[in-house]
>>> print(open('model03.txt').read())   # compact mmCIF, C-alpha atoms and all ligand atoms
# COMPACT_ATOMS: atom_id res chain seq x y z
CA MET W 1 1.36 -24.80 -5.07
CA LYS W 2 -0.06 -23.21 -8.21
CA PRO W 3 2.53 -21.10 -10.09
CA GLU W 4 0.51 -17.89 -9.76
CA ALA W 5 0.47 -18.22 -5.96
CA ARG W 6 4.16 -17.23 -5.98
CA ILE W 7 3.30 -13.69 -7.08
CA ALA W 8 1.43 -11.40 -4.70
CA VAL W 9 -0.05 -7.93 -4.91
CA CYS W 10 -0.21 -5.34 -2.16
CA PRO W 11 -2.76 -2.72 -3.29
CA GLY W 12 -3.52 0.62 -1.70
CA SER W 13 -3.65 4.38 -1.98
CA PHE W 14 -0.22 4.97 -0.40
CA ASP W 15 -0.80 8.73 -0.16
CA PRO W 16 2.01 8.73 0.95
CA VAL W 17 3.84 5.52 1.86
CA THR W 18 4.63 5.15 5.60
CA TYR W 19 6.83 2.85 7.69
CA GLY W 20 3.65 0.85 8.37
CA HIS W 21 3.34 0.02 4.66
CA LEU W 22 7.07 -0.63 4.31
CA ASP W 23 6.98 -3.08 7.20
CA ILE W 24 4.26 -5.07 5.42
CA PHE W 25 6.13 -4.96 2.06
CA GLY W 26 9.32 -6.23 3.70
CA ARG W 27 7.55 -9.11 5.40
CA ALA W 28 5.37 -10.01 2.40
CA SER W 29 8.38 -9.96 0.08
CA GLN W 30 9.85 -12.83 2.12
CA LEU W 31 6.76 -14.94 1.55
CA TYR W 32 6.53 -14.59 -2.25
CA ASP W 33 8.89 -14.66 -5.22
CA GLU W 34 7.56 -11.38 -6.50
CA LEU W 35 5.52 -8.69 -4.77
CA TRP W 36 3.72 -6.00 -6.73
CA VAL W 37 2.94 -2.84 -4.82
CA ALA W 38 0.00 -1.41 -6.74
CA VAL W 39 -1.23 2.17 -6.38
CA PHE W 40 -4.96 2.43 -6.99
CA HIS W 41 -5.88 5.30 -9.27
CA ASN W 42 -9.01 6.50 -7.47
CA ALA W 43 -10.48 9.53 -9.21
CA SER W 44 -13.07 10.03 -6.47
CA LYS W 45 -10.52 10.34 -3.66
CA ASN W 46 -8.84 13.68 -3.05
CA ALA W 47 -5.19 12.73 -2.85
CA MET W 48 -2.28 14.92 -1.74
CA PHE W 49 0.16 13.27 -4.16
CA SER W 50 -0.46 12.33 -7.77
CA VAL W 51 -0.36 8.65 -8.70
CA GLU W 52 3.02 9.25 -10.42
CA GLU W 53 4.44 10.89 -7.28
CA ARG W 54 3.19 8.04 -5.10
CA VAL W 55 4.71 5.47 -7.45
CA GLU W 56 8.02 7.34 -7.41
CA LEU W 57 8.07 7.51 -3.59
CA LEU W 58 7.27 3.81 -3.41
CA ARG W 59 10.04 2.97 -5.90
CA GLU W 60 12.58 5.01 -3.93
CA THR W 61 11.60 3.58 -0.56
CA THR W 62 11.42 -0.07 -1.69
CA ALA W 63 14.62 0.05 -3.75
CA ASP W 64 16.35 -2.14 -1.14
CA ILE W 65 13.82 -4.98 -1.55
CA PRO W 66 14.84 -6.70 -4.80
CA ASN W 67 11.64 -8.66 -5.46
CA VAL W 68 9.29 -5.68 -5.08
CA ARG W 69 7.87 -4.01 -8.18
CA VAL W 70 5.72 -0.90 -8.18
CA ALA W 71 2.91 0.02 -10.58
CA SER W 72 -0.39 1.85 -10.64
CA PHE W 73 -3.75 0.56 -11.78
CA GLN W 74 -7.27 1.65 -12.57
CA GLY W 75 -10.29 -0.60 -12.25
CA LEU W 76 -10.52 -3.82 -10.32
CA VAL W 77 -7.56 -5.06 -8.33
CA VAL W 78 -8.39 -8.63 -9.41
CA ASP W 79 -7.81 -7.57 -13.04
CA PHE W 80 -4.39 -6.23 -12.06
CA CYS W 81 -3.69 -9.59 -10.36
CA GLN W 82 -4.74 -11.52 -13.44
CA LYS W 83 -2.63 -9.35 -15.74
CA HIS W 84 0.47 -10.01 -13.63
CA GLY W 85 -0.17 -13.68 -12.86
CA ALA W 86 -0.72 -13.06 -9.16
CA GLY W 87 -2.99 -15.33 -7.13
CA VAL W 88 -2.75 -13.56 -3.80
CA LEU W 89 -3.46 -10.15 -2.32
CA VAL W 90 -1.58 -9.14 0.81
CA LYS W 91 -3.13 -6.71 3.26
CA GLY W 92 -1.84 -5.35 6.53
CA VAL W 93 -4.38 -5.34 9.33
CA ARG W 94 -3.81 -2.79 12.08
CA ALA W 95 -6.77 -3.45 14.33
CA VAL W 96 -10.13 -5.20 14.50
CA SER W 97 -11.68 -2.04 13.03
CA ASP W 98 -9.77 -2.67 9.77
CA PHE W 99 -10.92 -6.24 9.61
CA ASP W 100 -14.60 -5.76 8.88
CA TYR W 101 -14.08 -3.95 5.56
CA GLU W 102 -11.01 -5.98 4.65
CA LEU W 103 -13.00 -9.18 5.08
CA GLN W 104 -15.72 -7.90 2.74
CA MET W 105 -13.14 -6.96 0.11
CA ALA W 106 -11.38 -10.31 0.49
CA GLN W 107 -14.66 -12.18 -0.01
CA MET W 108 -15.55 -10.05 -3.03
CA ASN W 109 -12.12 -10.51 -4.62
CA TYR W 110 -12.30 -14.26 -4.07
CA GLY W 111 -15.81 -14.33 -5.54
CA LEU W 112 -14.79 -12.29 -8.58
CA ARG W 113 -11.68 -14.24 -9.65
CA GLY W 114 -10.70 -16.73 -6.95
CA ILE W 115 -7.94 -14.39 -5.75
CA GLU W 116 -7.02 -15.20 -2.15
CA THR W 117 -6.21 -12.55 0.47
CA VAL W 118 -3.51 -13.03 3.08
CA PHE W 119 -3.68 -10.75 6.11
CA ILE W 120 -0.48 -9.76 7.88
CA PRO W 121 -0.90 -8.26 11.34
CA THR W 122 0.72 -4.85 11.43
CA ASN W 123 3.76 -4.43 13.63
CA PRO W 124 2.35 -2.99 16.92
CA LEU W 125 4.81 -0.12 16.49
CA TYR W 126 2.61 1.07 13.62
CA SER W 127 -0.84 -0.14 14.65
CA PHE W 128 -2.17 3.42 14.98
CA LEU W 129 -0.44 4.74 11.86
CA SER W 130 -2.16 5.84 8.67
CA SER W 131 -1.21 8.07 5.75
CA SER W 132 -3.98 10.50 6.77
CA MET W 133 -2.60 10.80 10.27
CA VAL W 134 0.94 11.37 9.00
CA LYS W 135 -0.36 14.13 6.69
CA ASP W 136 -2.28 15.74 9.53
CA VAL W 137 0.68 15.69 11.94
CA ALA W 138 2.94 17.13 9.21
CA LYS W 139 0.37 19.81 8.43
CA TRP W 140 0.50 21.10 11.98
CA GLY W 141 4.27 20.98 12.22
CA GLY W 142 4.61 17.73 14.19
CA ASP W 143 7.59 15.41 13.91
CA ILE W 144 6.81 12.58 11.50
CA SER W 145 10.33 11.14 11.38
CA PRO W 146 9.30 7.99 13.32
CA TYR W 147 6.54 7.29 10.80
CA ALA W 148 7.83 7.91 7.30
CA PRO W 149 11.16 7.79 5.44
CA GLU W 150 13.15 10.96 4.91
CA ILE W 151 12.17 11.40 1.27
CA VAL W 152 8.48 11.23 2.20
CA GLN W 153 9.00 13.72 5.02
CA SER W 154 10.67 16.23 2.72
CA ARG W 155 8.05 15.80 -0.02
CA LEU W 156 5.30 16.35 2.54
CA ILE W 157 6.91 19.47 3.95
CA GLU W 158 7.51 20.77 0.42
CA ARG W 159 3.89 20.08 -0.59
CA LEU W 160 2.42 21.64 2.54
CA GLY W 161 4.61 24.70 2.04
CA GLN W 162 2.99 25.20 -1.37
CA ASP W 163 -0.53 25.41 0.09
O1 LIG L 1 -5.18 2.25 0.89
P1 LIG L 1 -6.66 2.04 0.67
O2 LIG L 1 -7.29 3.29 0.09
O3 LIG L 1 -7.36 1.56 1.91
O4 LIG L 1 -6.79 0.87 -0.44
C1 LIG L 1 -8.05 0.44 -0.89
C2 LIG L 1 -7.86 -0.45 -2.14
C3 LIG L 1 -7.11 0.30 -3.21
C4 LIG L 1 -7.07 -1.68 -1.75
C5 LIG L 1 -9.27 -0.88 -2.63
O5 LIG L 1 -10.09 0.24 -2.72
C6 LIG L 1 -9.22 -1.55 -4.00
O6 LIG L 1 -8.77 -2.67 -4.11
N1 LIG L 1 -9.68 -0.81 -5.04
C7 LIG L 1 -9.63 -1.27 -6.40
C8 LIG L 1 -11.04 -1.40 -6.99
C9 LIG L 1 -11.59 -2.76 -6.68
O7 LIG L 1 -11.03 -3.77 -7.05
N2 LIG L 1 -12.70 -2.76 -5.92
C10 LIG L 1 -13.30 -3.98 -5.46
C11 LIG L 1 -12.52 -4.54 -4.31
S1 LIG L 1 -13.59 -5.23 -3.21
>>> encode(input="model03.txt", output="structure tokens")
Amino acid sequence: MKPEARIAVCPGSFDPVTYGHLDIFGRASQLYDELWVAVFHNASKNAMFSVEERVELLRETTADIPNVRVASFQGLVVDFCQKHGAGVLVKGVRAVSDFDYELQMAQMNYGLRGIETVFIPTNPLYSFLSSSMVKDVAKWGGDISPYAPEIVQSRLIERLGQD
């Protein structure tokens, strides 16, 4: 195995992190020596949490996984991979509907820098879960405790209370 294949990157918006993401991080961290969770700085997407807040929530909620590191990035994810010596991207796939776009991105990322993508099927417990849905349920006062860690729940409630 090439040395860089031991380091993987899990990119995303993570606005905010959910148990669905954490399930993928936990499983991916067992497959690689080092797993970077990388928050994409997307100026064109209206996020609820700043990149710094998302990084902080990710650091807090992955603190129990020793080989996970958290960072943010701007630009191409393959450049982030190259900078950190990673040869693999890890993506969770919830349903067939995710697969179409994920496949296109995987092919583009391979074409750009030869970075492979490994798909991990989402735990069926979380196959319907997304950050947007968690935000929407929280917005209307629903219970999100099955879907996101306590710190995320309280930050969401705090943020929604400010609106
Ligand atoms: O959580 P998301 O918003 O579905 O994550 C999408 C993300 C961040 C993985 C994707 O948009 C991405 O990799 N963006 C970085 C820019 C880039 O490299 N674009 C080309 C990839 S095909």
>>> closest_atom_pairs(input="model03.txt", of="stretch 82-144 of chain W", to="stretch 39-56 of chain W", cutoff="12 Å", atoms="all atoms listed in the file", output="tab-separated table")
residue	atom	partner	partner_atom	distance
W:Ser131	CA	W:Met48	CA	10.2
W:Ser132	CA	W:Met48	CA	9.7
W:Val134	CA	W:Met48	CA	11.8
W:Lys135	CA	W:Met48	CA	8.7
W:Asp136	CA	W:Met48	CA	11.3
W:Lys139	CA	W:Met48	CA	11.6
>>> closest_residue(input="model03.txt", among="W:Pro124, W:Val70, W:Gln162, W:Ala148", to="W:Leu22", atoms="only C-alpha atoms")
W:Ala148
>>> residues_near_ligand(input="model03.txt", ligand="ligand LIG 1 (chain L)", cutoff="8 Å", atoms="all atoms listed in the file", output="ChimeraX atom specification")
/W:10-15,39-42,74-79,104-109
>>> atom_distance(input="model03.txt", atom1="atom CA of W:Phe80", atom2="atom CA of W:Asp23")
22.6 Å
>>> closest_residue(input="model03.txt", among="W:Arg69, W:Val9, W:Ser145, W:Gly26", to="W:Cys81", atoms="all atoms listed in the file")
W:Val9
>>> closest_residue(input="model03.txt", among="W:Arg94, W:Ala138, W:Gln82, W:Asp143", to="W:Leu156", atoms="only C-alpha atoms")
W:Ala138
>>> residues_near_point(input="model03.txt", point="(7.1, 6.1, 13.3)", cutoff="12 Å", atoms="all atoms listed in the file", output="ChimeraX atom specification")
/W:17-23,123-131,133-134,137,142-150,153
>>> closest_residue(input="model03.txt", among="W:Arg59, W:Val152, W:Asp98, W:Ile65", to="W:Gln30", atoms="only C-alpha atoms")
W:Ile65
>>> atom_distance(input="model03.txt", atom1="atom CA of W:Ala95", atom2="atom CA of W:Thr62")
24.5 Å
>>> atom_distance(input="model03.txt", atom1="atom CA of W:Gly85", atom2="atom CA of W:Asp100")
27.3 Å
>>> residues_near_point(input="model03.txt", point="(2.3, -11.9, 3.7)", cutoff="8 Å", atoms="only C-alpha atoms", output="mmCIF file with C-alpha atoms, keeping the file's coordinate frame")
data_model
loop_
_atom_site.group_PDB
_atom_site.id
_atom_site.type_symbol
_atom_site.label_atom_id
_atom_site.label_comp_id
_atom_site.auth_asym_id
_atom_site.auth_seq_id
_atom_site.Cartn_x
_atom_site.Cartn_y
_atom_site.Cartn_z
ATOM 1 C CA ILE W 24 4.260 -5.070 5.420
ATOM 2 C CA ARG W 27 7.550 -9.110 5.400
ATOM 3 C CA ALA W 28 5.370 -10.010 2.400
ATOM 4 C CA SER W 29 8.380 -9.960 0.080
ATOM 5 C CA GLN W 30 9.850 -12.830 2.120
ATOM 6 C CA LEU W 31 6.760 -14.940 1.550
ATOM 7 C CA TYR W 32 6.530 -14.590 -2.250
ATOM 8 C CA VAL W 90 -1.580 -9.140 0.810
ATOM 9 C CA LYS W 91 -3.130 -6.710 3.260
ATOM 10 C CA VAL W 118 -3.510 -13.030 3.080
ATOM 11 C CA PHE W 119 -3.680 -10.750 6.110
ATOM 12 C CA ILE W 120 -0.480 -9.760 7.880
#
>>> closest_residue(input="model03.txt", among="W:Ala38, W:Leu103, W:Val88, W:Leu57", to="W:Ser154", atoms="only C-alpha atoms")
W:Leu57
>>> build_atoms(input="model03.txt", residues="stretch 39-65 of chain W", atoms="N, CA, C and O atoms", output="PDB file, in the frame of the given file")
ATOM      1  N   VAL W  39      -0.548   0.935  -6.796  1.00  0.00           N
ATOM      2  CA  VAL W  39      -1.230   2.170  -6.380  1.00  0.00           C
ATOM      3  C   VAL W  39      -2.548   2.290  -7.131  1.00  0.00           C
ATOM      4  O   VAL W  39      -2.569   2.350  -8.372  1.00  0.00           O
ATOM      5  N   PHE W  40      -3.626   2.329  -6.373  1.00  0.00           N
ATOM      6  CA  PHE W  40      -4.960   2.430  -6.990  1.00  0.00           C
ATOM      7  C   PHE W  40      -5.228   3.873  -7.410  1.00  0.00           C
ATOM      8  O   PHE W  40      -5.132   4.801  -6.612  1.00  0.00           O
ATOM      9  N   HIS W  41      -5.565   4.011  -8.686  1.00  0.00           N
ATOM     10  CA  HIS W  41      -5.880   5.300  -9.270  1.00  0.00           C
ATOM     11  C   HIS W  41      -7.360   5.583  -8.988  1.00  0.00           C
ATOM     12  O   HIS W  41      -8.221   5.128  -9.724  1.00  0.00           O
ATOM     13  N   ASN W  42      -7.620   6.287  -7.888  1.00  0.00           N
ATOM     14  CA  ASN W  42      -9.010   6.500  -7.470  1.00  0.00           C
ATOM     15  C   ASN W  42      -9.408   7.951  -7.710  1.00  0.00           C
ATOM     16  O   ASN W  42      -9.095   8.842  -6.923  1.00  0.00           O
ATOM     17  N   ALA W  43     -10.120   8.170  -8.815  1.00  0.00           N
ATOM     18  CA  ALA W  43     -10.480   9.530  -9.210  1.00  0.00           C
ATOM     19  C   ALA W  43     -11.380  10.206  -8.184  1.00  0.00           C
ATOM     20  O   ALA W  43     -11.390  11.434  -8.072  1.00  0.00           O
ATOM     21  N   SER W  44     -12.123   9.415  -7.401  1.00  0.00           N
ATOM     22  CA  SER W  44     -13.070  10.030  -6.470  1.00  0.00           C
ATOM     23  C   SER W  44     -12.443  10.361  -5.118  1.00  0.00           C
ATOM     24  O   SER W  44     -13.107  10.892  -4.241  1.00  0.00           O
ATOM     25  N   LYS W  45     -11.167  10.043  -4.942  1.00  0.00           N
ATOM     26  CA  LYS W  45     -10.520  10.340  -3.660  1.00  0.00           C
ATOM     27  C   LYS W  45      -9.567  11.517  -3.841  1.00  0.00           C
ATOM     28  O   LYS W  45      -8.773  11.532  -4.776  1.00  0.00           O
ATOM     29  N   ASN W  46      -9.684  12.492  -2.942  1.00  0.00           N
ATOM     30  CA  ASN W  46      -8.840  13.680  -3.050  1.00  0.00           C
ATOM     31  C   ASN W  46      -7.458  13.397  -2.467  1.00  0.00           C
ATOM     32  O   ASN W  46      -7.266  13.424  -1.262  1.00  0.00           O
ATOM     33  N   ALA W  47      -6.510  13.112  -3.337  1.00  0.00           N
ATOM     34  CA  ALA W  47      -5.190  12.730  -2.850  1.00  0.00           C
ATOM     35  C   ALA W  47      -4.258  13.934  -2.746  1.00  0.00           C
ATOM     36  O   ALA W  47      -4.424  14.916  -3.473  1.00  0.00           O
ATOM     37  N   MET W  48      -3.276  13.845  -1.856  1.00  0.00           N
ATOM     38  CA  MET W  48      -2.280  14.920  -1.740  1.00  0.00           C
ATOM     39  C   MET W  48      -1.227  14.777  -2.850  1.00  0.00           C
ATOM     40  O   MET W  48      -0.796  15.757  -3.443  1.00  0.00           O
ATOM     41  N   PHE W  49      -0.859  13.523  -3.146  1.00  0.00           N
ATOM     42  CA  PHE W  49       0.160  13.270  -4.160  1.00  0.00           C
ATOM     43  C   PHE W  49      -0.474  12.611  -5.387  1.00  0.00           C
ATOM     44  O   PHE W  49      -1.391  11.796  -5.243  1.00  0.00           O
ATOM     45  N   SER W  50       0.047  12.958  -6.548  1.00  0.00           N
ATOM     46  CA  SER W  50      -0.460  12.330  -7.770  1.00  0.00           C
ATOM     47  C   SER W  50      -0.037  10.856  -7.764  1.00  0.00           C
ATOM     48  O   SER W  50       0.867  10.449  -7.022  1.00  0.00           O
ATOM     49  N   VAL W  51      -0.694  10.082  -8.617  1.00  0.00           N
ATOM     50  CA  VAL W  51      -0.360   8.650  -8.700  1.00  0.00           C
ATOM     51  C   VAL W  51       1.120   8.497  -9.063  1.00  0.00           C
ATOM     52  O   VAL W  51       1.836   7.673  -8.482  1.00  0.00           O
ATOM     53  N   GLU W  52       1.608   9.335  -9.992  1.00  0.00           N
ATOM     54  CA  GLU W  52       3.020   9.250 -10.420  1.00  0.00           C
ATOM     55  C   GLU W  52       3.960   9.540  -9.240  1.00  0.00           C
ATOM     56  O   GLU W  52       4.977   8.883  -9.081  1.00  0.00           O
ATOM     57  N   GLU W  53       3.607  10.554  -8.433  1.00  0.00           N
ATOM     58  CA  GLU W  53       4.440  10.890  -7.280  1.00  0.00           C
ATOM     59  C   GLU W  53       4.447   9.749  -6.255  1.00  0.00           C
ATOM     60  O   GLU W  53       5.484   9.419  -5.675  1.00  0.00           O
ATOM     61  N   ARG W  54       3.274   9.141  -6.063  1.00  0.00           N
ATOM     62  CA  ARG W  54       3.190   8.040  -5.100  1.00  0.00           C
ATOM     63  C   ARG W  54       4.000   6.843  -5.568  1.00  0.00           C
ATOM     64  O   ARG W  54       4.692   6.198  -4.787  1.00  0.00           O
ATOM     65  N   VAL W  55       3.927   6.572  -6.879  1.00  0.00           N
ATOM     66  CA  VAL W  55       4.710   5.470  -7.450  1.00  0.00           C
ATOM     67  C   VAL W  55       6.196   5.750  -7.268  1.00  0.00           C
ATOM     68  O   VAL W  55       6.970   4.885  -6.851  1.00  0.00           O
ATOM     69  N   GLU W  56       6.594   6.979  -7.536  1.00  0.00           N
ATOM     70  CA  GLU W  56       8.020   7.340  -7.410  1.00  0.00           C
ATOM     71  C   GLU W  56       8.494   7.178  -5.964  1.00  0.00           C
ATOM     72  O   GLU W  56       9.560   6.608  -5.709  1.00  0.00           O
ATOM     73  N   LEU W  57       7.685   7.647  -5.010  1.00  0.00           N
ATOM     74  CA  LEU W  57       8.070   7.510  -3.590  1.00  0.00           C
ATOM     75  C   LEU W  57       8.162   6.044  -3.201  1.00  0.00           C
ATOM     76  O   LEU W  57       9.058   5.640  -2.451  1.00  0.00           O
ATOM     77  N   LEU W  58       7.231   5.247  -3.726  1.00  0.00           N
ATOM     78  CA  LEU W  58       7.270   3.810  -3.410  1.00  0.00           C
ATOM     79  C   LEU W  58       8.516   3.161  -4.021  1.00  0.00           C
ATOM     80  O   LEU W  58       9.163   2.324  -3.386  1.00  0.00           O
ATOM     81  N   ARG W  59       8.852   3.549  -5.254  1.00  0.00           N
ATOM     82  CA  ARG W  59      10.040   2.970  -5.900  1.00  0.00           C
ATOM     83  C   ARG W  59      11.299   3.306  -5.102  1.00  0.00           C
ATOM     84  O   ARG W  59      12.146   2.456  -4.856  1.00  0.00           O
ATOM     85  N   GLU W  60      11.391   4.578  -4.694  1.00  0.00           N
ATOM     86  CA  GLU W  60      12.580   5.010  -3.930  1.00  0.00           C
ATOM     87  C   GLU W  60      12.680   4.270  -2.602  1.00  0.00           C
ATOM     88  O   GLU W  60      13.756   3.868  -2.196  1.00  0.00           O
ATOM     89  N   THR W  61      11.544   4.118  -1.925  1.00  0.00           N
ATOM     90  CA  THR W  61      11.600   3.580  -0.560  1.00  0.00           C
ATOM     91  C   THR W  61      11.600   2.048  -0.519  1.00  0.00           C
ATOM     92  O   THR W  61      11.808   1.468   0.546  1.00  0.00           O
ATOM     93  N   THR W  62      11.355   1.402  -1.672  1.00  0.00           N
ATOM     94  CA  THR W  62      11.420  -0.070  -1.690  1.00  0.00           C
ATOM     95  C   THR W  62      12.619  -0.545  -2.508  1.00  0.00           C
ATOM     96  O   THR W  62      12.740  -1.738  -2.780  1.00  0.00           O
ATOM     97  N   ALA W  63      13.494   0.393  -2.876  1.00  0.00           N
ATOM     98  CA  ALA W  63      14.620   0.050  -3.750  1.00  0.00           C
ATOM     99  C   ALA W  63      15.514  -1.031  -3.138  1.00  0.00           C
ATOM    100  O   ALA W  63      16.183  -1.773  -3.860  1.00  0.00           O
ATOM    101  N   ASP W  64      15.497  -1.133  -1.805  1.00  0.00           N
ATOM    102  CA  ASP W  64      16.350  -2.140  -1.140  1.00  0.00           C
ATOM    103  C   ASP W  64      15.686  -3.513  -1.049  1.00  0.00           C
ATOM    104  O   ASP W  64      16.268  -4.445  -0.497  1.00  0.00           O
ATOM    105  N   ILE W  65      14.469  -3.652  -1.575  1.00  0.00           N
ATOM    106  CA  ILE W  65      13.820  -4.980  -1.550  1.00  0.00           C
ATOM    107  C   ILE W  65      13.770  -5.471  -3.008  1.00  0.00           C
ATOM    108  O   ILE W  65      12.942  -5.009  -3.800  1.00  0.00           O
TER     109      ILE W  65
END
